[in-house]
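What follows is run.cif (mmCIF, C-alpha atoms).
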data_final
#
loop_
_atom_site.group_PDB
_atom_site.id
_atom_site.type_symbol
_atom_site.label_atom_id
_atom_site.label_comp_id
_atom_site.auth_asym_id
_atom_site.auth_seq_id
_atom_site.Cartn_x
_atom_site.Cartn_y
_atom_site.Cartn_z
ATOM 1 C CA MET C 1 29.481 41.196 217.598
ATOM 2 C CA LYS C 2 30.883 42.346 214.305
ATOM 3 C CA GLN C 3 31.599 46.052 214.137
ATOM 4 C CA GLY C 4 30.449 48.229 211.291
ATOM 5 C CA LYS C 5 32.703 49.254 208.465
ATOM 6 C CA GLY C 6 32.538 52.900 209.560
ATOM 7 C CA ILE C 7 34.296 51.983 212.792
ATOM 8 C CA GLU C 8 36.873 49.700 211.197
ATOM 9 C CA ASN C 9 37.682 51.981 208.264
ATOM 10 C CA PRO C 10 40.734 54.213 209.054
ATOM 11 C CA GLU C 11 39.423 56.896 206.684
ATOM 12 C CA SER C 12 36.085 57.089 208.495
ATOM 13 C CA ARG C 13 37.793 56.998 211.879
ATOM 14 C CA PHE C 14 40.039 59.929 211.013
ATOM 15 C CA SER C 15 37.192 61.946 209.476
ATOM 16 C CA ALA C 16 35.090 61.441 212.614
ATOM 17 C CA VAL C 17 37.903 62.661 214.880
ATOM 18 C CA LEU C 18 38.655 65.636 212.605
ATOM 19 C CA LEU C 19 34.987 66.618 212.548
ATOM 20 C CA ALA C 20 34.751 66.333 216.339
ATOM 21 C CA ALA C 21 37.927 68.398 216.775
ATOM 22 C CA ALA C 22 36.618 71.113 214.436
ATOM 23 C CA LYS C 23 33.520 71.436 216.614
ATOM 24 C CA LEU C 24 35.391 71.856 219.908
ATOM 25 C CA PRO C 25 34.976 75.236 221.643
ATOM 26 C CA GLY C 26 37.713 77.690 220.735
ATOM 27 C CA VAL C 27 39.026 75.706 217.770
ATOM 28 C CA ARG C 28 37.677 77.904 215.006
ATOM 29 C CA ILE C 29 39.748 81.010 214.340
ATOM 30 C CA ASN C 30 38.067 84.252 213.353
ATOM 31 C CA ARG C 31 40.033 85.223 210.264
ATOM 32 C CA GLU C 32 39.529 88.999 210.571
ATOM 33 C CA ALA C 33 40.332 89.149 214.288
ATOM 34 C CA TYR C 34 43.385 86.919 213.900
ATOM 35 C CA LEU C 35 44.903 88.831 210.988
ATOM 36 C CA ARG C 36 44.321 92.161 212.703
ATOM 37 C CA SER C 37 45.975 90.977 215.912
ATOM 38 C CA ALA C 38 48.821 89.033 214.294
ATOM 39 C CA LEU C 39 49.823 91.749 211.825
ATOM 40 C CA ALA C 40 49.405 94.729 214.179
ATOM 41 C CA ARG C 41 53.096 94.967 215.129
ATOM 42 C CA HIS C 42 54.388 94.519 211.590
ATOM 43 C CA CYS C 43 52.062 96.317 209.177
ATOM 44 C CA SER C 44 50.276 99.613 208.678
ATOM 45 C CA GLU C 45 46.547 99.918 209.272
ATOM 46 C CA ASP C 46 45.948 100.238 205.521
ATOM 47 C CA ASP C 47 47.869 97.038 204.831
ATOM 48 C CA ILE C 48 45.997 95.198 207.576
ATOM 49 C CA ARG C 49 42.641 96.397 206.261
ATOM 50 C CA ARG C 50 43.499 95.251 202.754
ATOM 51 C CA ALA C 51 44.837 91.928 204.032
ATOM 52 C CA ILE C 52 41.480 91.330 205.719
ATOM 53 C CA GLU C 53 39.341 92.540 202.813
ATOM 54 C CA GLU C 54 41.425 90.668 200.253
ATOM 55 C CA THR C 55 44.531 88.692 201.302
ATOM 56 C CA PRO C 56 47.937 89.384 202.866
ATOM 57 C CA ALA C 57 49.460 88.724 199.432
ATOM 58 C CA ALA C 58 47.179 91.315 197.831
ATOM 59 C CA ALA C 59 48.205 93.769 200.552
ATOM 60 C CA GLY C 60 51.832 93.343 199.486
ATOM 61 C CA ILE C 61 52.928 91.824 202.790
ATOM 62 C CA THR C 62 56.172 89.956 202.207
ATOM 63 C CA VAL C 63 56.608 86.277 202.964
ATOM 64 C CA GLU C 64 59.454 87.223 205.332
ATOM 65 C CA VAL C 65 57.051 89.204 207.525
ATOM 66 C CA LEU C 66 54.434 86.474 207.318
ATOM 67 C CA ASP C 67 57.035 83.876 208.337
ATOM 68 C CA LYS C 68 57.818 85.849 211.496
ATOM 69 C CA VAL C 69 54.145 86.059 212.406
ATOM 70 C CA ALA C 70 53.657 82.382 211.568
ATOM 71 C CA ASN C 71 56.538 81.372 213.838
ATOM 72 C CA ASP C 72 54.958 83.317 216.712
ATOM 73 C CA SER C 73 51.659 81.519 216.177
ATOM 74 C CA ILE C 74 53.377 78.135 215.975
ATOM 75 C CA ARG C 75 55.221 78.756 219.246
ATOM 76 C CA TYR C 76 52.000 79.816 220.958
ATOM 77 C CA GLU C 77 49.969 76.809 219.809
ATOM 78 C CA THR C 78 52.822 74.384 220.538
ATOM 79 C CA ALA C 79 53.252 75.675 224.087
ATOM 80 C CA LYS C 80 49.510 75.508 224.697
ATOM 81 C CA VAL C 81 48.958 71.997 223.340
ATOM 82 C CA SER C 82 52.069 70.662 225.128
ATOM 83 C CA ALA C 83 50.910 72.099 228.458
ATOM 84 C CA LEU C 84 47.462 70.562 228.050
ATOM 85 C CA SER C 85 48.976 67.215 227.110
ATOM 86 C CA ALA C 86 51.238 67.280 230.152
ATOM 87 C CA ALA C 87 48.271 68.063 232.393
ATOM 88 C CA ALA C 88 46.385 65.126 230.936
ATOM 89 C CA GLY C 89 49.314 62.856 231.851
ATOM 90 C CA ILE C 90 49.299 63.667 235.585
ATOM 91 C CA PRO C 91 46.565 61.219 236.775
ATOM 92 C CA GLY C 92 48.326 58.092 235.518
ATOM 93 C CA VAL C 93 47.100 54.702 234.355
ATOM 94 C CA LEU C 94 43.800 54.718 236.258
ATOM 95 C CA ALA C 95 42.565 57.702 234.275
ATOM 96 C CA LEU C 96 43.680 56.450 230.844
ATOM 97 C CA PRO C 97 40.172 55.685 229.518
ATOM 98 C CA ALA C 98 39.238 59.331 230.042
ATOM 99 C CA THR C 99 42.490 61.222 229.449
ATOM 100 C CA VAL C 100 43.736 59.605 226.231
ATOM 101 C CA PRO C 101 40.640 60.306 224.058
ATOM 102 C CA ALA C 102 40.482 63.851 225.456
ATOM 103 C CA ASP C 103 44.193 64.379 224.791
ATOM 104 C CA VAL C 104 43.884 63.172 221.197
ATOM 105 C CA ALA C 105 40.851 65.399 220.626
ATOM 106 C CA GLN C 106 42.540 68.524 221.965
ATOM 107 C CA TYR C 107 45.726 67.654 220.036
ATOM 108 C CA PHE C 108 43.779 67.509 216.781
ATOM 109 C CA GLY C 109 41.886 70.631 217.799
ATOM 110 C CA HIS C 110 45.149 72.558 218.069
ATOM 111 C CA MET C 111 46.222 71.163 214.707
ATOM 112 C CA VAL C 112 43.031 72.635 213.253
ATOM 113 C CA ARG C 113 43.809 75.949 214.988
ATOM 114 C CA ILE C 114 47.351 76.250 213.634
ATOM 115 C CA ALA C 115 46.249 75.085 210.178
ATOM 116 C CA GLN C 116 43.734 77.949 210.051
ATOM 117 C CA LYS C 117 46.222 80.545 211.270
ATOM 118 C CA LEU C 118 48.851 79.512 208.713
ATOM 119 C CA ALA C 119 46.265 79.334 205.935
ATOM 120 C CA TYR C 120 45.017 82.859 206.623
ATOM 121 C CA LEU C 121 48.542 84.280 206.781
ATOM 122 C CA TYR C 122 49.453 82.712 203.439
ATOM 123 C CA SER C 123 46.316 83.999 201.686
ATOM 124 C CA TRP C 124 43.871 81.093 201.867
ATOM 125 C CA PRO C 125 40.193 82.020 202.242
ATOM 126 C CA ASP C 126 38.089 81.620 205.377
ATOM 127 C CA LEU C 127 37.801 77.882 206.053
ATOM 128 C CA PHE C 128 34.721 78.233 208.251
ATOM 129 C CA SER C 129 32.503 80.739 206.501
ATOM 130 C CA ASP C 130 29.472 80.455 208.808
ATOM 131 C CA ASP C 131 28.808 80.466 212.529
ATOM 132 C CA GLY C 132 27.054 77.094 212.654
ATOM 133 C CA ASP C 133 28.467 73.825 213.941
ATOM 134 C CA ASP C 134 28.417 72.182 210.514
ATOM 135 C CA VAL C 135 31.655 71.707 208.574
ATOM 136 C CA ASP C 136 31.218 71.505 204.812
ATOM 137 C CA ASP C 137 32.891 68.835 202.725
ATOM 138 C CA ALA C 138 35.328 71.226 201.042
ATOM 139 C CA THR C 139 36.615 72.418 204.417
ATOM 140 C CA MET C 140 36.948 68.831 205.619
ATOM 141 C CA GLY C 141 38.854 68.041 202.439
ATOM 142 C CA VAL C 142 41.330 70.888 202.677
ATOM 143 C CA LEU C 143 41.916 70.290 206.403
ATOM 144 C CA THR C 144 42.604 66.637 205.628
ATOM 145 C CA LEU C 145 45.167 67.685 203.033
ATOM 146 C CA PHE C 146 46.740 70.174 205.458
ATOM 147 C CA PHE C 147 47.056 67.393 208.035
ATOM 148 C CA GLY C 148 48.597 65.202 205.346
ATOM 149 C CA VAL C 149 51.229 67.870 204.695
ATOM 150 C CA MET C 150 51.896 68.059 208.434
ATOM 151 C CA PHE C 151 52.424 64.285 208.538
ATOM 152 C CA GLY C 152 54.791 64.464 205.550
ATOM 153 C CA THR C 153 52.820 62.812 202.727
ATOM 154 C CA GLN C 154 53.907 63.851 199.238
ATOM 155 C CA SER C 155 50.446 63.296 197.748
ATOM 156 C CA ALA C 156 49.001 65.864 200.158
ATOM 157 C CA ASN C 157 51.772 68.321 199.208
ATOM 158 C CA ALA C 158 50.893 67.976 195.550
ATOM 159 C CA ALA C 159 47.139 68.242 196.145
ATOM 160 C CA VAL C 160 47.479 71.379 198.292
ATOM 161 C CA GLY C 161 49.634 72.891 195.560
ATOM 162 C CA LYS C 162 46.925 72.073 193.016
ATOM 163 C CA VAL C 163 44.183 73.684 195.083
ATOM 164 C CA ALA C 164 46.294 76.781 195.761
ATOM 165 C CA GLY C 165 47.135 77.067 192.067
ATOM 166 C CA MET C 166 43.464 76.915 191.125
ATOM 167 C CA MET C 167 42.579 79.721 193.531
ATOM 168 C CA ALA C 168 45.538 81.858 192.454
ATOM 169 C CA GLU C 169 44.685 81.503 188.765
ATOM 170 C CA GLN C 170 40.948 82.029 189.183
ATOM 171 C CA VAL C 171 41.281 84.774 191.849
ATOM 172 C CA ALA C 172 38.553 83.096 193.899
ATOM 173 C CA LYS C 173 37.608 83.942 197.470
ATOM 174 C CA LYS C 174 36.324 80.482 198.333
ATOM 175 C CA LEU C 175 37.657 76.965 198.286
ATOM 176 C CA PRO C 176 37.158 75.059 195.003
ATOM 177 C CA GLN C 177 34.186 72.982 196.134
ATOM 178 C CA LYS C 178 33.911 70.671 193.136
ATOM 179 C CA ALA C 179 37.603 69.806 192.943
ATOM 180 C CA LEU C 180 37.714 68.940 196.642
ATOM 181 C CA THR C 181 34.477 66.949 196.785
ATOM 182 C CA GLN C 182 34.035 65.420 193.334
ATOM 183 C CA GLY C 183 37.011 66.214 191.108
ATOM 184 C CA VAL C 184 40.499 64.770 190.786
ATOM 185 C CA ILE C 185 41.559 66.096 194.210
ATOM 186 C CA TYR C 186 38.862 64.102 196.015
ATOM 187 C CA PRO C 187 40.452 60.627 195.630
ATOM 188 C CA ILE C 188 43.658 62.019 197.125
ATOM 189 C CA VAL C 189 41.704 63.417 200.077
ATOM 190 C CA LYS C 190 40.282 59.947 200.718
ATOM 191 C CA LYS C 191 43.706 58.277 200.521
ATOM 192 C CA VAL C 192 45.258 60.843 202.835
ATOM 193 C CA ALA C 193 42.397 60.397 205.317
ATOM 194 C CA ALA C 194 42.926 56.627 205.347
ATOM 195 C CA TYR C 195 46.650 57.065 205.944
ATOM 196 C CA LEU C 196 46.033 59.548 208.745
ATOM 197 C CA GLY C 197 43.553 57.167 210.337
ATOM 198 C CA VAL C 198 46.322 54.583 210.687
ATOM 199 C CA GLN C 199 48.758 57.182 212.030
ATOM 200 C CA MET C 200 46.148 58.387 214.505
ATOM 201 C CA THR C 201 45.793 54.859 215.913
ATOM 202 C CA LYS C 202 49.570 54.639 216.403
ATOM 203 C CA GLN C 203 49.624 58.056 218.063
ATOM 204 C CA THR C 204 46.824 57.092 220.439
ATOM 205 C CA PHE C 205 48.769 54.016 221.523
ATOM 206 C CA ALA C 206 51.931 56.065 222.083
ATOM 207 C CA LYS C 207 50.015 58.552 224.215
ATOM 208 C CA SER C 208 48.507 55.708 226.239
ATOM 209 C CA VAL C 209 51.965 54.361 227.054
ATOM 210 C CA SER C 210 53.313 57.818 227.913
ATOM 211 C CA LYS C 211 50.561 58.389 230.484
ATOM 212 C CA ALA C 212 50.838 55.058 232.308
ATOM 213 C CA ILE C 213 52.950 56.406 235.219
ATOM 214 C CA PRO C 214 51.542 59.333 237.244
ATOM 215 C CA LEU C 215 53.563 62.591 237.149
ATOM 216 C CA VAL C 216 56.303 60.975 235.058
ATOM 217 C CA GLY C 217 53.642 60.455 232.412
ATOM 218 C CA ALA C 218 53.004 64.189 232.402
ATOM 219 C CA VAL C 219 56.600 64.946 231.450
ATOM 220 C CA VAL C 220 56.738 62.225 228.805
ATOM 221 C CA SER C 221 53.340 63.086 227.352
ATOM 222 C CA GLY C 222 54.076 66.804 227.154
ATOM 223 C CA GLY C 223 57.489 66.099 225.628
ATOM 224 C CA LEU C 224 56.004 63.725 223.058
ATOM 225 C CA THR C 225 53.444 66.325 222.041
ATOM 226 C CA LEU C 226 56.135 68.990 221.714
ATOM 227 C CA ALA C 227 58.337 66.674 219.637
ATOM 228 C CA THR C 228 55.532 65.916 217.173
ATOM 229 C CA PHE C 229 53.395 69.065 216.993
ATOM 230 C CA LEU C 230 56.210 71.580 216.434
ATOM 231 C CA PRO C 231 57.838 69.947 213.383
ATOM 232 C CA MET C 232 54.440 69.204 211.836
ATOM 233 C CA ALA C 233 53.343 72.829 212.153
ATOM 234 C CA ARG C 234 56.645 73.992 210.696
ATOM 235 C CA ARG C 235 56.251 71.572 207.796
ATOM 236 C CA LEU C 236 52.855 73.033 206.913
ATOM 237 C CA LYS C 237 54.225 76.579 207.219
ATOM 238 C CA ARG C 238 57.085 75.850 204.835
ATOM 239 C CA HIS C 239 54.760 74.348 202.258
ATOM 240 C CA LEU C 240 52.083 77.058 202.364
ATOM 241 C CA SER C 241 54.685 79.835 202.239
ATOM 242 C CA SER C 242 56.249 78.284 199.118
ATOM 243 C CA LEU C 243 53.036 78.328 197.091
ATOM 244 C CA PRO C 244 52.224 81.031 194.495
ATOM 245 C CA LEU C 245 49.133 81.988 196.504
ATOM 246 C CA ALA C 246 51.403 83.464 199.212
ATOM 247 C CA GLU C 247 53.416 85.652 196.851
ATOM 248 C CA PRO C 248 52.634 89.385 197.338
ATOM 249 C CA SER C 249 51.001 89.846 193.953
ATOM 250 C CA HIS C 250 47.646 88.028 193.911
ATOM 251 C CA ARG C 251 44.517 90.123 194.334
ATOM 252 C CA LEU C 252 41.198 88.389 194.901
ATOM 253 C CA VAL C 253 37.998 89.727 193.416
ATOM 254 C CA ASP C 254 34.367 88.906 194.031
ATOM 255 C CA GLY C 255 33.293 85.972 191.973
ATOM 256 C CA GLU C 256 31.864 82.504 191.960
ATOM 257 C CA VAL C 257 33.431 79.484 193.545
ATOM 258 C CA VAL C 258 36.013 77.794 191.337
ATOM 259 C CA GLU C 259 34.341 74.763 189.827
ATOM 260 C CA GLY C 260 36.902 73.802 187.184
ATOM 261 C CA GLU C 261 38.624 70.483 187.022
ATOM 262 C CA VAL C 262 42.389 70.139 187.170
ATOM 263 C CA VAL C 263 43.969 69.127 183.887
ATOM 264 C CA GLU C 264 46.123 66.068 184.316
ATOM 265 C CA ASP C 265 49.791 66.352 183.505
ATOM 266 C CA HIS C 266 52.411 63.668 183.891
ATOM 267 C CA GLY C 267 55.408 65.788 184.871
ATOM 268 C CA PRO C 268 57.327 64.869 188.053
ATOM 269 C CA PHE C 269 56.505 66.466 191.417
ATOM 270 C CA THR C 270 59.076 68.875 192.838
ATOM 271 C CA ALA C 271 59.080 71.316 195.709
ATOM 272 C CA ALA C 272 58.974 74.305 193.390
ATOM 273 C CA HIS C 273 55.498 75.772 193.075
ATOM 274 C CA ALA C 274 55.636 75.820 189.292
ATOM 275 C CA ASP C 275 56.046 72.054 189.228
ATOM 276 C CA GLN C 276 53.408 71.665 191.941
ATOM 277 C CA ARG C 277 50.886 73.192 189.585
ATOM 278 C CA ASP C 278 51.943 70.768 186.865
ATOM 279 C CA ALA C 279 52.210 67.629 188.998
ATOM 280 C CA ASP C 280 49.693 64.879 188.321
ATOM 281 C CA ALA C 281 48.149 64.567 191.758
ATOM 282 C CA THR C 282 46.218 61.471 190.763
ATOM 283 C CA ALA C 283 49.408 59.588 189.922
ATOM 284 C CA ILE C 284 51.169 60.190 193.210
ATOM 285 C CA LYS C 285 50.770 57.407 195.739
ATOM 286 C CA LEU C 286 50.660 57.978 199.461
ATOM 287 C CA GLU C 287 54.125 57.803 200.963
ATOM 288 C CA GLU C 288 55.488 57.368 204.432
ATOM 289 C CA PRO C 289 57.016 60.581 205.887
ATOM 290 C CA GLN C 290 60.640 61.010 205.062
ATOM 291 C CA PRO C 291 63.106 61.253 208.002
#
In structure tokens, what does this structure look like?
Amino acid sequence: MKQGKGIENPESRFSAVLLAAAKLPGVRINREAYLRSALARHCSEDDIRRAIEETPAAAGITVEVLDKVANDSIRYETAKVSALSAAAGIPGVLALPATVPADVAQYFGHMVRIAQKLAYLYSWPDLFSDDGDDVDDATMGVLTLFFGVMFGTQSANAAVGKVAGMMAEQVAKKLPQKALTQGVIYPIVKKVAAYLGVQMTKQTFAKSVSKAIPLVGAVVSGGLTLATFLPMARRLKRHLSSLPLAEPSHRLVDGEVVEGEVVEDHGPFTAAHADQRDADATAIKLEEPQP
């Protein structure tokens, strides 16, 4: 029987897994509680309060302090996801049909967790603004781009820089809904999702092989997770910390969601945030991660 396009399409496959991961228990991070806990050892109560009410950048918290906190969060999430992956590898080949999908789901769930923590530290708004199970399209879009940065795609780097630049310039407290769901950023989101769908299939196969031998599979699976999750989280941290949104100078005020389109510009993409704002995101093609 011929399968539907939604199943065959890598973009749809990735989006389905991301949506499922975002709905897992414990995946969503409470922004206020996280910032209060993470900054407690490094900042005054006044700075923490302002970081929660506005942003860490508006509170004047330096990127150096935020980097230290981010590294602690990365270590915590990496240790947790690696331990869970190792545990899933203990049963061996007979349990593969059950353990591999669960391992992939929890792996992506921890990617969503660390993406939220890093976003909140580097002055992005709350990605999950309500308590319901639904995930809006703008949140799906920005998470897709964050995952693209973690996997090393230059188009995702440029798009995240664009979105951050829009929020910094418009001092908005919410994600730019129109740009992420209809504007020039949206085609990049779709391309990144398709690329990640292919990478996800490769990762699932690798995890299946790593779990084939009981006990030994636990070591290999946990090691594979550690070797992939840690550098990806660090890659996202480096990119978010380099953006103008993270600089201790931007204060957010109450206002409407940014609805403006991004003006196209044909300058080359560079790592510097000034050029990220000027890069033509629509002209950048999806690239394989660089070694």
Within 6 Å of region 116-125 of chain C using only C-alpha atoms, minus same-chain residues under 5 positions, as a PyMOL selection string = chain C and resi 55-56+173-174+246
Point-to-point distance from CA of Glu53 (chain C) to CA of His239 (chain C), Å rounded to tenths = 23.9 Å
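Atom to atom, CA of Met150 (chain C) and CA of Leu39 (chain C) stand 24.0 Å apart.
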Matched chain/residue IDs from the PyMOL selection byres ((chain C and resi 183-194) around 8), as a compact mmCIF listing (two decimals) with C-alpha atoms, keeping the file's coordinate frame:
# COMPACT_ATOMS: atom_id res chain seq x y z
CA ASN C 9 37.68 51.98 208.26
CA PRO C 10 40.73 54.21 209.05
CA GLU C 11 39.42 56.90 206.68
CA SER C 12 36.08 57.09 208.50
CA PHE C 14 40.04 59.93 211.01
CA SER C 15 37.19 61.95 209.48
CA GLY C 141 38.85 68.04 202.44
CA VAL C 142 41.33 70.89 202.68
CA THR C 144 42.60 66.64 205.63
CA LEU C 145 45.17 67.68 203.03
CA GLY C 148 48.60 65.20 205.35
CA THR C 153 52.82 62.81 202.73
CA SER C 155 50.45 63.30 197.75
CA ALA C 156 49.00 65.86 200.16
CA ALA C 159 47.14 68.24 196.14
CA LYS C 178 33.91 70.67 193.14
CA ALA C 179 37.60 69.81 192.94
CA LEU C 180 37.71 68.94 196.64
CA THR C 181 34.48 66.95 196.78
CA GLN C 182 34.03 65.42 193.33
CA TYR C 195 46.65 57.06 205.94
CA LEU C 196 46.03 59.55 208.74
CA GLY C 197 43.55 57.17 210.34
CA VAL C 198 46.32 54.58 210.69
CA GLU C 261 38.62 70.48 187.02
CA VAL C 262 42.39 70.14 187.17
CA ALA C 281 48.15 64.57 191.76
CA THR C 282 46.22 61.47 190.76
CA LEU C 286 50.66 57.98 199.46
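Minimum distance to Val104 (chain C) across C:Ala233, C:Val135, C:Ala21, C:Ala16 (counting all atoms listed in the file) occurs at C:Ala21.
CA of Lys23 (chain C) to CA of Asp134 (chain C) spans 8.0 Å [interatomic distance, one decimal].
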Would you place a box with edges along x, y and z of the file around all atoms of region 21-36 of chain C listed there, add 4 Å to each of its six sides, and report the centre and edge lengths in Å to one decimal, as JSON?
{"center_x": 39.2, "center_y": 80.3, "center_z": 216.0, "size_x": 19.4, "size_y": 31.8, "size_z": 19.4}
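Comparing the minimum interatomic distances between Ala58 (chain C) and each of C:Leu230, C:Ala20, C:Asp46, C:Ile74, counting all atoms listed in the file, we find that C:Asp46 sits nearest.
Of the residues listed (C:Ser73, C:Thr62, C:Gln106, C:Gln177), C:Gln106 shows the shortest atom-to-atom separation from Val17 (chain C); distances use only C-alpha atoms.
In terms of minimum interatomic distance to Asp136 (chain C), C:Leu175 ranks closest within C:Leu175, C:Val112, C:Ala168, C:Met200, counting all atoms listed in the file.
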Output the residue selection produced by the PyMOL selection byres ((chain C and resi 63) around 9) on the file above, formatted as a VMD selection string.
-> chain C and resid 57 61 to 62 64 to 68 122 241 to 242 246 to 248
So which residues touch Ile52 (chain C) within 7 Å, counting all atoms listed in the file, skipping near sequence neighbours fewer than 3 positions away, as a PDB file with C-alpha atoms, in the frame of the given file?
ATOM      1  CA  GLU C  32      39.529  88.999 210.571  1.00  0.00           C
ATOM      2  CA  LEU C  35      44.903  88.831 210.988  1.00  0.00           C
ATOM      3  CA  ILE C  48      45.997  95.198 207.576  1.00  0.00           C
ATOM      4  CA  ARG C  49      42.641  96.397 206.261  1.00  0.00           C
ATOM      5  CA  THR C  55      44.531  88.692 201.302  1.00  0.00           C
TER       6      THR C  55
END
Could you pull the residues within 8 Å of Asp47 (chain C), counting all atoms listed in the file, minus those fewer than 3 positions along the same chain, as a list in words?
-> Cys43, Ser44, Arg50, Ala51, Pro56, Ala59, Gly60 and Ile61 of chain C
Return region 163-176 of chain C, completed with N, CA, C and O atoms, as a CSV table (one decimal), in the frame of the given file.
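Now in rebuild_35.csv:
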chain,number,residue,atom,x,y,z
C,163,VAL,N,45.3,72.8,194.6
C,163,VAL,CA,44.2,73.7,195.1
C,163,VAL,C,44.6,75.1,195.1
C,163,VAL,O,43.9,76.0,194.7
C,164,ALA,N,45.8,75.4,195.7
C,164,ALA,CA,46.3,76.8,195.8
C,164,ALA,C,46.5,77.4,194.4
C,164,ALA,O,46.1,78.6,194.1
C,165,GLY,N,47.0,76.6,193.4
C,165,GLY,CA,47.1,77.1,192.1
C,165,GLY,C,45.8,77.4,191.4
C,165,GLY,O,45.7,78.4,190.7
C,166,MET,N,44.8,76.6,191.7
C,166,MET,CA,43.5,76.9,191.1
C,166,MET,C,42.9,78.2,191.6
C,166,MET,O,42.4,79.1,190.9
C,167,MET,N,43.1,78.5,193.0
C,167,MET,CA,42.6,79.7,193.5
C,167,MET,C,43.4,80.9,193.1
C,167,MET,O,42.8,82.0,192.8
C,168,ALA,N,44.7,80.8,192.9
C,168,ALA,CA,45.5,81.9,192.5
C,168,ALA,C,45.2,82.2,191.0
C,168,ALA,O,45.1,83.4,190.7
C,169,GLU,N,45.0,81.2,190.2
C,169,GLU,CA,44.7,81.5,188.8
C,169,GLU,C,43.3,82.1,188.6
C,169,GLU,O,43.1,82.9,187.7
C,170,GLN,N,42.3,81.6,189.4
C,170,GLN,CA,40.9,82.0,189.2
C,170,GLN,C,40.6,83.2,190.1
C,170,GLN,O,39.4,83.6,190.1
C,171,VAL,N,41.5,83.7,190.9
C,171,VAL,CA,41.3,84.8,191.8
C,171,VAL,C,40.0,84.6,192.6
C,171,VAL,O,39.1,85.5,192.6
C,172,ALA,N,39.8,83.4,193.2
C,172,ALA,CA,38.6,83.1,193.9
C,172,ALA,C,38.7,83.3,195.4
C,172,ALA,O,39.8,83.1,196.0
C,173,LYS,N,37.6,83.7,196.0
C,173,LYS,CA,37.6,83.9,197.5
C,173,LYS,C,37.1,82.7,198.3
C,173,LYS,O,37.1,82.8,199.5
C,174,LYS,N,36.8,81.7,197.6
C,174,LYS,CA,36.3,80.5,198.3
C,174,LYS,C,37.1,79.3,197.9
C,174,LYS,O,37.7,79.2,196.8
C,175,LEU,N,37.0,78.2,198.7
C,175,LEU,CA,37.7,77.0,198.3
C,175,LEU,C,37.0,76.4,197.0
C,175,LEU,O,35.8,76.5,196.9
C,176,PRO,N,37.7,75.7,196.2
C,176,PRO,CA,37.2,75.1,195.0
C,176,PRO,C,36.3,73.8,195.4
C,176,PRO,O,36.9,72.7,195.5
